[in-house]
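*Asks:* Data file upload38.cif (mmCIF, C-alpha atoms) is appended below.
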```cif
data_work
#
loop_
_atom_site.label_atom_id
_atom_site.label_comp_id
_atom_site.auth_asym_id
_atom_site.auth_seq_id
_atom_site.Cartn_x
_atom_site.Cartn_y
_atom_site.Cartn_z
CA MET A 239 72.92 -23.76 -73.46
CA THR A 240 74.83 -22.39 -70.47
CA PRO A 241 78.60 -22.99 -70.78
CA ALA A 242 80.20 -25.05 -68.03
CA LEU A 243 82.10 -23.20 -65.33
CA PRO A 244 85.84 -23.82 -65.16
CA ASP A 245 87.18 -25.52 -62.03
CA VAL A 246 88.70 -22.25 -60.85
CA VAL A 247 86.66 -19.07 -61.23
CA GLU A 248 88.13 -15.61 -60.74
CA VAL A 249 85.67 -13.04 -59.43
CA ARG A 250 86.28 -9.31 -59.21
CA SER A 251 84.17 -6.43 -57.89
CA LEU A 252 83.21 -3.10 -59.36
CA TYR A 253 81.58 -0.43 -57.22
CA GLN A 254 78.78 2.00 -58.12
CA PRO A 255 78.15 5.16 -56.06
CA VAL A 256 75.09 5.49 -53.81
CA VAL A 257 74.22 9.13 -53.23
CA ASP A 258 72.00 11.36 -51.15
CA LEU A 259 69.51 12.61 -53.75
CA THR A 260 69.15 16.03 -52.12
CA THR A 261 72.86 16.90 -51.96
CA ARG A 262 74.24 14.37 -54.47
CA ALA A 263 76.94 13.59 -51.94
CA MET A 264 78.21 10.02 -52.07
CA VAL A 265 77.15 8.07 -48.99
CA GLY A 266 78.36 4.64 -50.09
CA VAL A 267 78.84 2.16 -52.91
CA GLU A 268 77.24 -1.04 -54.12
CA ALA A 269 79.64 -3.90 -54.91
CA LEU A 270 78.80 -5.51 -58.25
CA ALA A 271 80.31 -8.89 -59.09
CA ARG A 272 81.98 -9.64 -62.38
CA GLY A 273 83.37 -12.91 -63.64
CA PRO A 274 86.57 -13.33 -65.64
CA ALA A 275 86.97 -10.48 -68.14
CA GLY A 276 86.21 -11.48 -71.72
CA SER A 277 84.68 -14.81 -70.68
CA PRO A 278 81.02 -15.94 -71.07
CA PHE A 279 80.71 -15.44 -67.29
CA GLU A 280 81.78 -11.82 -67.08
CA ARG A 281 78.19 -10.66 -66.55
CA PRO A 282 76.76 -11.73 -63.17
CA GLU A 283 73.58 -13.11 -64.77
CA GLU A 284 75.58 -15.64 -66.80
CA LEU A 285 77.95 -16.37 -63.91
CA PHE A 286 75.15 -17.24 -61.49
CA ALA A 287 73.14 -19.14 -64.10
CA ALA A 288 76.17 -21.35 -64.73
CA ALA A 289 76.75 -21.71 -60.97
CA ARG A 290 73.17 -22.90 -60.44
CA ALA A 291 73.44 -25.35 -63.32
CA ALA A 292 76.69 -26.75 -61.90
CA GLY A 293 75.46 -26.93 -58.30
CA ARG A 294 78.13 -24.41 -57.29
CA LEU A 295 75.94 -21.47 -56.27
CA ARG A 296 77.21 -21.41 -52.69
CA GLU A 297 80.84 -21.36 -53.82
CA ILE A 298 80.36 -18.56 -56.34
CA ASP A 299 78.22 -16.52 -53.95
CA TRP A 300 80.98 -16.66 -51.34
CA LEU A 301 83.60 -15.69 -53.92
CA CYS A 302 81.53 -12.58 -54.70
CA ARG A 303 81.09 -11.65 -51.02
CA VAL A 304 84.79 -12.10 -50.33
CA SER A 305 85.73 -10.02 -53.37
CA ALA A 306 83.38 -7.19 -52.31
CA LEU A 307 84.71 -7.04 -48.75
CA ARG A 308 88.35 -7.42 -49.74
CA GLY A 309 88.13 -4.62 -52.31
CA ALA A 310 86.50 -2.24 -49.82
CA LEU A 311 89.16 -2.99 -47.21
CA SER A 312 92.04 -2.67 -49.66
CA ALA A 313 91.06 0.70 -51.19
CA PRO A 314 90.09 1.46 -48.39
CA LEU A 315 86.49 2.65 -48.50
CA PRO A 316 86.38 5.90 -46.45
CA PRO A 317 85.08 5.43 -42.89
CA GLY A 318 81.35 5.96 -42.60
CA GLN A 319 80.67 5.13 -46.25
CA LEU A 320 78.14 2.33 -46.73
CA LEU A 321 79.08 -0.86 -48.57
CA PHE A 322 76.10 -2.59 -50.19
CA VAL A 323 76.81 -6.29 -50.78
CA ASN A 324 74.46 -8.65 -52.64
CA ILE A 325 73.76 -12.20 -51.47
CA GLU A 326 71.85 -15.18 -52.76
CA PRO A 327 69.10 -15.86 -50.17
CA GLY A 328 68.75 -19.45 -51.36
CA VAL A 329 72.27 -20.23 -50.12
CA THR A 330 71.61 -20.45 -46.39
CA ASP A 331 72.98 -23.83 -45.36
CA GLY A 332 76.70 -23.45 -46.10
CA PHE A 333 79.60 -23.02 -43.73
CA VAL A 334 81.88 -20.01 -43.72
CA PRO A 335 84.91 -20.82 -45.90
CA PRO A 336 88.06 -21.03 -43.76
CA ASP A 337 89.80 -18.36 -45.82
CA ALA A 338 86.91 -15.93 -45.16
CA VAL A 339 86.96 -16.04 -41.35
CA ASP A 340 89.74 -13.48 -40.90
CA LEU A 341 88.28 -11.29 -43.64
CA LEU A 342 84.89 -11.19 -41.89
CA GLN A 343 86.60 -10.12 -38.68
CA ARG A 344 88.43 -7.29 -40.44
CA ALA A 345 85.19 -6.28 -42.15
CA GLU A 346 83.78 -5.22 -38.77
CA GLN A 347 85.26 -1.79 -39.50
CA LEU A 348 83.00 -1.46 -42.58
CA SER A 349 79.41 -0.19 -42.65
CA VAL A 350 77.96 -3.18 -44.51
CA VAL A 351 74.44 -3.26 -45.91
CA VAL A 352 73.48 -6.76 -47.09
CA GLU A 353 71.12 -6.74 -50.08
CA ILE A 354 68.46 -9.43 -50.43
CA THR A 355 66.77 -9.69 -53.82
CA GLU A 356 63.01 -9.25 -53.57
CA ARG A 357 62.17 -12.06 -55.98
CA ASP A 358 63.68 -14.60 -53.54
CA LEU A 359 61.90 -13.50 -50.39
CA LEU A 360 59.09 -16.04 -50.53
CA VAL A 361 61.17 -19.08 -51.49
CA ASP A 362 61.84 -19.98 -47.84
CA PRO A 363 60.76 -17.13 -45.56
CA ALA A 364 61.63 -18.93 -42.30
CA ALA A 365 65.19 -19.58 -43.44
CA LEU A 366 65.44 -16.01 -44.65
CA LEU A 367 64.36 -14.59 -41.27
CA ARG A 368 66.98 -16.68 -39.49
CA ALA A 369 69.64 -15.56 -41.94
CA VAL A 370 68.67 -11.93 -41.38
CA ASP A 371 69.11 -12.45 -37.63
CA ARG A 372 72.64 -13.72 -38.20
CA ILE A 373 73.48 -10.82 -40.49
CA ARG A 374 72.23 -8.31 -37.93
CA GLY A 375 74.22 -10.21 -35.30
CA ARG A 376 77.36 -9.03 -37.09
CA GLY A 377 76.23 -5.43 -36.77
CA TRP A 378 75.39 -5.28 -40.47
CA MET A 379 72.28 -3.73 -41.97
CA ILE A 380 69.66 -5.14 -44.35
CA ALA A 381 68.41 -3.84 -47.68
CA VAL A 382 65.70 -5.41 -49.83
CA ASP A 383 66.55 -5.08 -53.52
CA ASP A 384 64.28 -4.75 -56.59
CA VAL A 385 61.22 -3.96 -54.48
CA GLY A 386 58.11 -3.81 -56.63
CA ALA A 387 59.37 -6.16 -59.32
CA ASP A 388 56.96 -8.68 -57.76
CA THR A 389 54.28 -7.00 -55.66
CA ALA A 390 53.61 -10.23 -53.74
CA SER A 391 56.96 -9.97 -51.99
CA LEU A 392 55.98 -6.65 -50.43
CA ALA A 393 54.20 -8.86 -47.90
CA LEU A 394 57.46 -9.80 -46.17
CA LEU A 395 58.73 -6.25 -45.65
CA PRO A 396 57.02 -6.03 -42.23
CA PHE A 397 58.83 -9.20 -41.12
CA LEU A 398 62.26 -8.26 -42.47
CA GLU A 399 62.01 -4.62 -41.39
CA PRO A 400 64.88 -3.58 -43.69
CA ASP A 401 67.08 -0.56 -43.08
CA VAL A 402 66.96 0.29 -46.81
CA ILE A 403 64.17 -0.40 -49.32
CA LYS A 404 65.51 -0.31 -52.89
CA LEU A 405 62.86 0.47 -55.48
CA ASP A 406 63.18 -1.48 -58.71
CA MET A 407 64.56 0.64 -61.54
CA SER A 408 61.32 0.30 -63.48
CA PHE A 409 59.77 2.86 -61.13
CA THR A 410 62.26 5.53 -62.07
CA GLN A 411 61.99 4.56 -65.73
CA ALA A 412 58.23 4.80 -66.38
CA ARG A 413 56.19 2.09 -64.60
CA ALA A 414 52.41 2.11 -65.18
CA ALA A 415 50.69 4.56 -62.83
CA ASP A 416 48.34 2.13 -61.02
CA ASP A 417 51.13 -0.33 -60.28
CA THR A 418 53.40 2.48 -59.15
CA ALA A 419 50.78 3.82 -56.77
CA SER A 420 50.21 0.47 -55.03
CA VAL A 421 53.90 -0.29 -54.57
CA VAL A 422 54.93 3.21 -53.54
CA SER A 423 52.04 3.32 -51.09
CA ALA A 424 53.19 0.06 -49.49
CA VAL A 425 56.82 1.21 -49.35
CA ALA A 426 55.82 4.58 -47.87
CA ALA A 427 53.77 2.82 -45.19
CA GLU A 428 56.71 0.62 -44.19
CA SER A 429 59.22 3.46 -44.31
CA GLY A 430 56.94 5.68 -42.28
CA ARG A 431 56.50 3.02 -39.58
CA THR A 432 60.15 1.98 -39.23
CA GLY A 433 62.25 4.83 -40.58
CA ALA A 434 63.71 2.67 -43.36
CA ARG A 435 65.43 4.71 -46.09
CA VAL A 436 64.09 4.46 -49.64
CA LEU A 437 66.67 4.14 -52.43
CA ALA A 438 65.79 4.49 -56.11
CA GLU A 439 67.77 2.42 -58.60
CA GLY A 440 68.48 3.05 -62.27
CA ILE A 441 68.73 6.86 -62.19
CA GLU A 442 70.30 7.74 -65.53
CA THR A 443 68.85 11.18 -66.35
CA GLU A 444 67.71 14.32 -64.57
CA GLN A 445 64.13 13.29 -65.34
CA HIS A 446 64.73 9.96 -63.57
CA LEU A 447 66.10 11.90 -60.60
CA ARG A 448 63.00 14.10 -60.39
CA LEU A 449 60.75 11.04 -60.54
CA ALA A 450 62.79 9.29 -57.82
CA LEU A 451 62.34 12.29 -55.54
CA ASP A 452 58.62 12.35 -56.34
CA LEU A 453 58.44 8.68 -55.33
CA GLY A 454 59.82 9.54 -51.89
CA ALA A 455 63.38 8.24 -52.35
CA GLY A 456 66.11 9.88 -50.30
CA LEU A 457 68.98 7.81 -51.69
CA GLY A 458 69.76 6.77 -55.23
CA GLN A 459 72.15 5.17 -57.66
CA GLY A 460 72.55 4.97 -61.39
CA TYR A 461 74.70 6.13 -64.29
CA LEU A 462 73.78 9.77 -63.61
CA PHE A 463 76.01 9.59 -60.54
CA GLY A 464 78.65 7.16 -61.79
CA GLU A 465 79.21 3.89 -63.59
CA PRO A 466 80.46 0.72 -61.87
CA ALA A 467 84.26 0.98 -61.54
CA PRO A 468 87.10 -0.15 -59.29
CA LEU A 469 87.47 1.76 -56.05
CA PRO A 470 90.23 4.38 -56.19
CA ARG A 471 93.20 3.67 -53.96
CA ARG A 472 93.35 6.01 -50.99
CA ALA A 473 95.85 6.87 -48.29
CA PRO A 474 94.95 5.18 -44.99
CA GLU A 475 92.65 7.32 -42.86
CA PRO A 476 92.41 7.43 -39.07
CA THR A 477 90.14 4.74 -37.69
CA ARG A 478 86.72 6.04 -36.74
CA SER A 479 83.63 4.45 -35.28
CA VAL A 480 81.43 2.77 -37.85
CA ALA A 481 78.63 5.02 -39.06
CA THR A 482 75.23 3.75 -40.04
CA LEU A 483 72.03 4.96 -41.56
CA ASP A 484 70.29 7.74 -39.68
CA THR A 485 66.57 7.04 -39.79
CA THR A 486 65.54 10.16 -37.91
CA ALA A 487 65.76 12.51 -40.86
CA ASP A 488 65.19 12.12 -44.58
CA THR A 489 68.18 14.24 -45.54
CA ALA A 490 70.94 12.83 -43.34
CA PRO A 491 72.62 9.76 -44.84
CA VAL A 492 74.55 8.58 -41.81
CA GLY A 493 73.93 8.43 -38.08
CA THR A 494 73.48 6.23 -35.09
CA ALA A 495 71.85 2.80 -34.89
CA VAL A 496 72.71 -0.48 -36.60
CA GLY A 497 69.77 -2.70 -37.41
CA ILE A 498 67.27 0.07 -36.88
CA THR A 499 64.28 -2.18 -36.70
CA ALA A 500 65.66 -5.56 -35.63
CA ARG A 501 63.13 -7.36 -33.44
CA ARG A 502 63.80 -10.04 -30.86
CA ARG A 503 62.71 -13.50 -31.96
CA PRO A 504 59.42 -14.43 -30.25
CA ARG A 505 59.44 -17.63 -28.22
CA ALA A 506 55.83 -17.54 -27.03
CA THR A 507 52.88 -18.95 -28.99
CA PRO A 508 50.48 -16.55 -30.72
CA PHE A 509 47.87 -16.71 -27.94
CA ALA A 510 50.53 -16.26 -25.26
CA VAL A 511 51.89 -13.22 -27.10
CA GLY A 512 48.42 -11.72 -27.27
CA ALA A 513 47.48 -12.56 -23.69
CA ALA A 514 50.69 -11.04 -22.32
CA SER A 515 50.04 -7.67 -23.89
CA GLY A 516 46.30 -7.05 -23.64
CA ARG A 517 42.93 -8.02 -22.26
CA VAL A 518 41.66 -11.52 -23.11
CA GLN A 519 37.95 -12.13 -23.56
CA ARG A 520 35.88 -15.32 -23.47
CA ALA A 521 33.36 -16.30 -26.11
CA ASP A 522 31.78 -19.27 -27.82
CA GLY A 523 33.18 -20.72 -30.99
CA GLU A 524 30.54 -19.10 -33.19
CA LEU A 525 31.69 -15.57 -32.36
CA VAL A 526 35.39 -16.42 -32.67
CA VAL A 527 34.89 -18.05 -36.07
CA SER A 528 32.70 -15.17 -37.23
CA LEU A 529 35.38 -12.62 -36.32
CA SER A 530 37.98 -14.76 -38.10
CA ARG A 531 35.89 -14.92 -41.25
CA ARG A 532 35.81 -11.13 -41.24
CA LEU A 533 39.60 -11.08 -41.15
CA GLU A 534 39.67 -13.52 -44.07
CA ARG A 535 37.53 -11.14 -46.11
CA GLN A 536 39.90 -8.31 -45.25
CA ALA A 537 42.82 -10.47 -46.37
CA LEU A 538 41.14 -11.10 -49.71
CA ALA A 539 40.58 -7.37 -50.15
CA ASN A 540 44.27 -6.64 -49.53
CA GLY A 541 45.36 -8.73 -52.49
CA PRO A 542 48.70 -10.21 -53.51
CA SER A 543 50.86 -8.52 -50.87
CA THR A 544 49.20 -10.38 -48.00
CA VAL A 545 50.49 -13.08 -45.64
CA VAL A 546 47.88 -15.22 -43.87
CA LEU A 547 48.80 -17.64 -41.06
CA THR A 548 46.24 -19.89 -39.39
CA THR A 549 46.29 -22.61 -36.74
CA ILE A 550 43.46 -25.10 -36.14
CA PRO A 551 43.32 -26.75 -32.68
CA TYR A 552 44.28 -30.42 -32.66
CA ALA A 553 40.81 -31.29 -31.36
CA PHE A 554 39.23 -29.92 -34.53
CA PRO A 555 40.36 -31.55 -37.80
CA LEU A 556 40.56 -29.38 -40.88
CA ASP A 557 37.03 -29.33 -42.26
CA THR A 558 35.57 -28.28 -45.59
CA GLU A 559 34.93 -24.74 -44.41
CA ALA A 560 38.54 -24.24 -43.31
CA ILE A 561 39.83 -25.75 -46.56
CA ASP A 562 37.61 -23.47 -48.63
CA ALA A 563 38.88 -20.47 -46.66
CA ALA A 564 42.50 -21.45 -47.28
CA ARG A 565 41.75 -21.94 -50.96
CA GLY A 566 40.16 -18.51 -51.28
CA VAL A 567 42.97 -16.66 -49.52
CA GLY A 568 45.66 -18.76 -51.16
CA THR A 569 44.57 -17.82 -54.67
CA SER A 570 45.02 -14.11 -53.95
CA GLY A 571 47.61 -13.76 -51.17
CA ALA A 572 51.40 -13.89 -51.29
CA LEU A 573 51.79 -16.61 -48.67
CA VAL A 574 49.33 -18.77 -46.73
CA ALA A 575 50.42 -21.17 -43.97
CA VAL A 576 48.00 -23.62 -42.34
CA PHE A 577 48.86 -25.49 -39.12
CA GLY A 578 46.58 -28.33 -38.04
CA ARG A 579 46.12 -32.01 -37.32
CA ASP A 580 47.27 -34.04 -40.35
CA ALA A 581 47.40 -30.82 -42.35
CA HIS A 582 49.56 -32.42 -45.02
CA ARG A 583 46.80 -34.96 -45.67
CA ALA A 584 43.95 -32.47 -45.86
CA ALA A 585 42.36 -31.82 -49.22
CA LEU A 586 44.00 -28.42 -49.50
CA PRO A 587 44.58 -26.99 -52.98
CA THR A 588 47.99 -27.32 -54.57
CA LEU A 589 49.22 -23.75 -54.69
CA PRO A 590 52.85 -22.54 -54.83
CA ASN A 591 52.23 -20.02 -52.04
CA LEU A 592 50.51 -22.48 -49.65
CA ARG A 593 52.39 -24.16 -46.78
CA THR A 594 50.85 -26.88 -44.59
CA MET A 595 52.35 -27.95 -41.23
CA ASP A 596 51.16 -30.78 -38.98
CA VAL A 597 50.32 -30.16 -35.33
CA ALA A 598 50.83 -32.93 -32.73
CA PRO A 599 48.66 -33.29 -29.60
CA ASP A 600 51.52 -32.05 -27.38
CA ASP A 601 52.41 -29.14 -29.65
CA PRO A 602 52.52 -25.72 -27.90
CA ILE A 603 49.87 -24.51 -30.36
CA ALA A 604 47.70 -27.66 -30.17
CA ALA A 605 44.93 -25.82 -28.28
CA GLU A 606 45.19 -22.54 -30.20
CA TYR A 607 43.00 -21.14 -32.93
CA THR A 608 44.79 -18.38 -34.82
CA LEU A 609 44.15 -16.27 -37.87
CA ILE A 610 46.74 -13.61 -38.65
CA VAL A 611 46.71 -11.22 -41.60
CA VAL A 612 49.77 -9.13 -42.47
CA SER A 613 49.84 -6.78 -45.44
CA PRO A 614 51.37 -3.35 -46.10
CA HIS A 615 48.21 -1.64 -44.88
CA LEU A 616 46.66 -4.17 -42.48
CA THR A 617 48.11 -6.05 -39.53
CA ALA A 618 45.48 -8.00 -37.58
CA GLY A 619 45.19 -11.16 -35.56
CA MET A 620 42.58 -13.40 -33.95
CA LEU A 621 44.62 -15.07 -31.21
CA ALA A 622 42.51 -17.66 -29.37
CA ARG A 623 42.81 -20.76 -27.20
CA VAL A 624 40.28 -23.51 -26.55
CA VAL A 625 39.07 -23.54 -22.94
CA HIS A 626 36.71 -26.46 -23.42
CA ASP A 627 35.97 -28.62 -26.42
CA GLY A 628 32.97 -30.67 -27.42
CA PRO A 629 30.04 -29.74 -29.67
CA ASP A 630 30.01 -26.14 -28.36
CA PRO A 631 33.63 -25.16 -27.71
CA GLY A 632 34.56 -22.05 -25.81
CA PHE A 633 37.59 -19.84 -26.35
CA ASP A 634 39.66 -17.26 -24.62
CA TYR A 635 40.62 -14.80 -27.35
CA ARG A 636 42.11 -11.48 -28.23
CA LEU A 637 41.32 -9.70 -31.47
CA THR A 638 44.09 -7.18 -32.03
CA TYR A 639 45.36 -4.75 -34.63
CA ASP A 640 48.45 -3.92 -32.57
CA ARG A 641 51.23 -4.20 -35.14
CA SER A 642 53.96 -5.25 -32.73
CA VAL A 643 51.82 -7.96 -31.12
CA VAL A 644 50.58 -9.34 -34.44
CA LEU A 645 54.05 -9.41 -36.02
CA ASP A 646 55.51 -11.22 -32.99
CA ALA A 647 52.72 -13.82 -33.15
CA ALA A 648 53.09 -14.14 -36.93
CA THR A 649 56.88 -14.49 -36.76
CA TYR A 650 56.55 -17.37 -34.29
CA LEU A 651 54.50 -19.26 -36.88
CA LEU A 652 56.56 -18.19 -39.88
CA ASP A 653 59.69 -19.45 -38.09
CA ARG A 654 58.12 -22.91 -37.99
CA THR A 655 57.59 -23.26 -41.72
CA SER A 656 61.14 -24.51 -42.29
CA ALA A 657 64.61 -24.78 -40.74
CA ALA A 658 67.85 -23.31 -42.00
CA ALA A 659 71.50 -22.90 -41.12
CA PRO A 660 73.14 -19.47 -40.76
CA MET A 661 74.02 -17.59 -43.93
CA PHE A 662 77.15 -15.85 -42.71
CA GLY A 663 78.13 -18.17 -39.84
CA PRO A 664 78.05 -17.18 -36.19
CA PRO A 665 78.67 -13.57 -35.17
CA VAL A 666 82.33 -12.82 -34.64
CA ASN A 667 81.88 -11.91 -30.99
CA GLY A 668 79.20 -14.37 -30.02
#
```
As structure tokens - that is how I would like this structure written.
*Replies:*
Amino acid sequence: MTPALPDVVEVRSLYQPVVDLTTRAMVGVEALARGPAGSPFERPEELFAAARAAGRLREIDWLCRVSALRGALSAPLPPGQLLFVNIEPGVTDGFVPPDAVDLLQRAEQLSVVVEITERDLLVDPAALLRAVDRIRGRGWMIAVDDVGADTASLALLPFLEPDVIKLDMSFTQARAADDTASVVSAVAAESGRTGARVLAEGIETEQHLRLALDLGAGLGQGYLFGEPAPLPRRAPEPTRSVATLDTTADTAPVGTAVGITARRRPRATPFAVGAASGRVQRADGELVVSLSRRLERQALANGPSTVVLTTIPYAFPLDTEAIDAARGVGTSGALVAVFGRDAHRAALPTLPNLRTMDVAPDDPIAAEYTLIVVSPHLTAGMLARVVHDGPDPGFDYRLTYDRSVVLDAATYLLDRTSAAAPMFGPPVNG
């Protein structure tokens, strides 16, 4: 049984070095939370388990963030060094504590990388995307932690477009070869497209270091480079501009752009996104559905790291064929979202990764037929709109594999799967 948290909890931060694996030069630190020394809550696992049980997760999460930032400012962390700070993605609806407002303003001088744990990515992806926007709005960067611990969550890497991808320590400490190959392949594809840096965790020996380099990691952390410890006190240094990750070279740890891959939030519907960026064709419903079925088969072949988003025009209720398709994809993919008339009443299977959203007759997507597939190695979309209904409907459509177009169309739909409040409050300057 988890012990009850005391009314007042003291949280402190230790810091573990993050290094460039080629030079072993320290490029930053990760802040690691610790509860009261000698108490049952000293380890973060026990602290957060007790916080969840007590309904105090938001409070404890903020205590940890504040401790991490305050310690880095007090030492101070040398200019240009990265500060990795963990958050709880499930805590997205809280306000910024009054005593943290000034601290967040002062933290603008730090090069903060906010870590999101991979196992939480699929809990509420729409809320997570909004929270990431707010984090980037502060000029902070994004890292996804423990990547590969659950291969299904690799599916959201294209949407988050993190600055740093942190490989789970099991990959540097002997993961099975087949599993390693699939995860590393997905991470390499994302890193190659966006320039995201790959960081290997849990490096404790020279053998672990060699394996991390073989896996394509350029950054690393682990006991080989230093144990978690308080930051040493330093004499104040002259203020310099904030440095960030350089994504133009594998060997340079710092450089130019914050939020290397941040994308504007799409406001247009999937068909509008497709029509604005390429040639639209006209066809009957048979061809459009046939092309969509082909995409569904590709989604099935891509396995558990796949996101599938589909919209059914309001004029066409969800039928048995559409339900069977959702069932097939839903049993193998990471996330499936179905938009349609009375979708919540349709006889769709009860699956933890299946979302259903109703579409009203005046909805912007009420006339659109969409099937989008996003996986580490496939980004494709059938983006169509009904031009006349009846027994033989016609469609304007665009079938596209353009990654930017498909991700914009997909993000529009993913944003509609839930609502959330900002994780870190409004940006300081906006």
*Asks:* A:Glu534, A:Asp337, A:Asp299, A:Asp384: which is nearest A:Val612, counting all atoms listed in the file?
*Replies:*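 Ranking A:Glu534, A:Asp337, A:Asp299, A:Asp384 by distance to A:Val612, first place goes to A:Glu534.
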*Asks:* What is the atom CA of A:Asp258 to atom CA of A:Gly458 distance in Å?
*Replies:*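 Going from atom CA of A:Asp258 over to atom CA of A:Gly458, I get 6.5 Å.
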*Asks:* Taking all atoms listed in the file into account, name the residue in A:Val350, A:Gly454, A:Arg376, A:Val574 that is nearest to A:Thr260.
*Replies:*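 Counting all atoms listed in the file, the residue closest to A:Thr260 is A:Gly454.
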*Asks:* For the structure shown, which residues end up in the PyMOL selection byres ((chain A and resi 286) around 12)? Put them as a PyMOL selection string, please?
*Replies:* chain A and resi 240-243+247+249+271-273+278-285+287-302+325-326
*Asks:* Which residue, A:Ala369, A:Ile561, A:Glu248, A:Glu524, has the smallest gap to A:Gly276 when you use only C-alpha atoms?
*Replies:*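 Of A:Ala369, A:Ile561, A:Glu248, A:Glu524, the one nearest A:Gly276 is A:Glu248, counting only C-alpha atoms.
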*Asks:* For a cutoff of 10 Å around the file-coordinate point (79.8, 10.2, -55.0), which residues qualify once you count all atoms listed in the file? I'd like the result as a PyMOL selection string.
*Replies:* chain A and resi 254-258+262-267+459+463-464
*Asks:* Go ahead and compute the interatomic distance for atom CA of A:Val567 and atom CA of A:Ile603, in Å to one decimal.
*Replies:* 21.8 Å
*Asks:* Here's the selection I'm unsure about, the PyMOL selection byres ((chain A and resi 573) around 8); applied to the file above, which residues does it give, as a PDB file with C-alpha atoms, in the frame of the given file?
*Replies:*
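Contents of out_32.pdb, freshly written:
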```pdb
ATOM      1  CA  LEU A 360      59.090 -16.040 -50.530  1.00  0.00           C
ATOM      2  CA  THR A 544      49.200 -10.380 -48.000  1.00  0.00           C
ATOM      3  CA  VAL A 545      50.490 -13.080 -45.640  1.00  0.00           C
ATOM      4  CA  VAL A 546      47.880 -15.220 -43.870  1.00  0.00           C
ATOM      5  CA  GLY A 568      45.660 -18.760 -51.160  1.00  0.00           C
ATOM      6  CA  GLY A 571      47.610 -13.760 -51.170  1.00  0.00           C
ATOM      7  CA  ALA A 572      51.400 -13.890 -51.290  1.00  0.00           C
ATOM      8  CA  VAL A 574      49.330 -18.770 -46.730  1.00  0.00           C
ATOM      9  CA  ALA A 575      50.420 -21.170 -43.970  1.00  0.00           C
ATOM     10  CA  ASN A 591      52.230 -20.020 -52.040  1.00  0.00           C
ATOM     11  CA  LEU A 592      50.510 -22.480 -49.650  1.00  0.00           C
ATOM     12  CA  ARG A 593      52.390 -24.160 -46.780  1.00  0.00           C
TER      13      ARG A 593
END
```
*Asks:* So that I can see what lies close to A:Met595, please list as a list of chain:residue names the residues with an atom at most 9 Å from it, counting all atoms listed in the file and leaving out residues fewer than 5 positions away in the same chain.
*Replies:*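 My reading of the contact set: A:Ala575, A:Val576, A:Phe577, A:Gly578, A:Arg579, A:Asp580, A:Ala581, A:His582, A:Arg654, A:Thr655.
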*Asks:* Using all atoms listed in the file, which of A:Gly309, A:Gly516, A:Pro400, A:Pro602 sits nearest A:Tyr650?
*Replies:* A:Pro602
*Asks:* With only C-alpha atoms as the atoms that count, which of A:Leu395, A:Val511, A:Ala412, A:Val334 lies nearest to A:Met620?
*Replies:*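 Counting only C-alpha atoms, the residue closest to A:Met620 is A:Val511.
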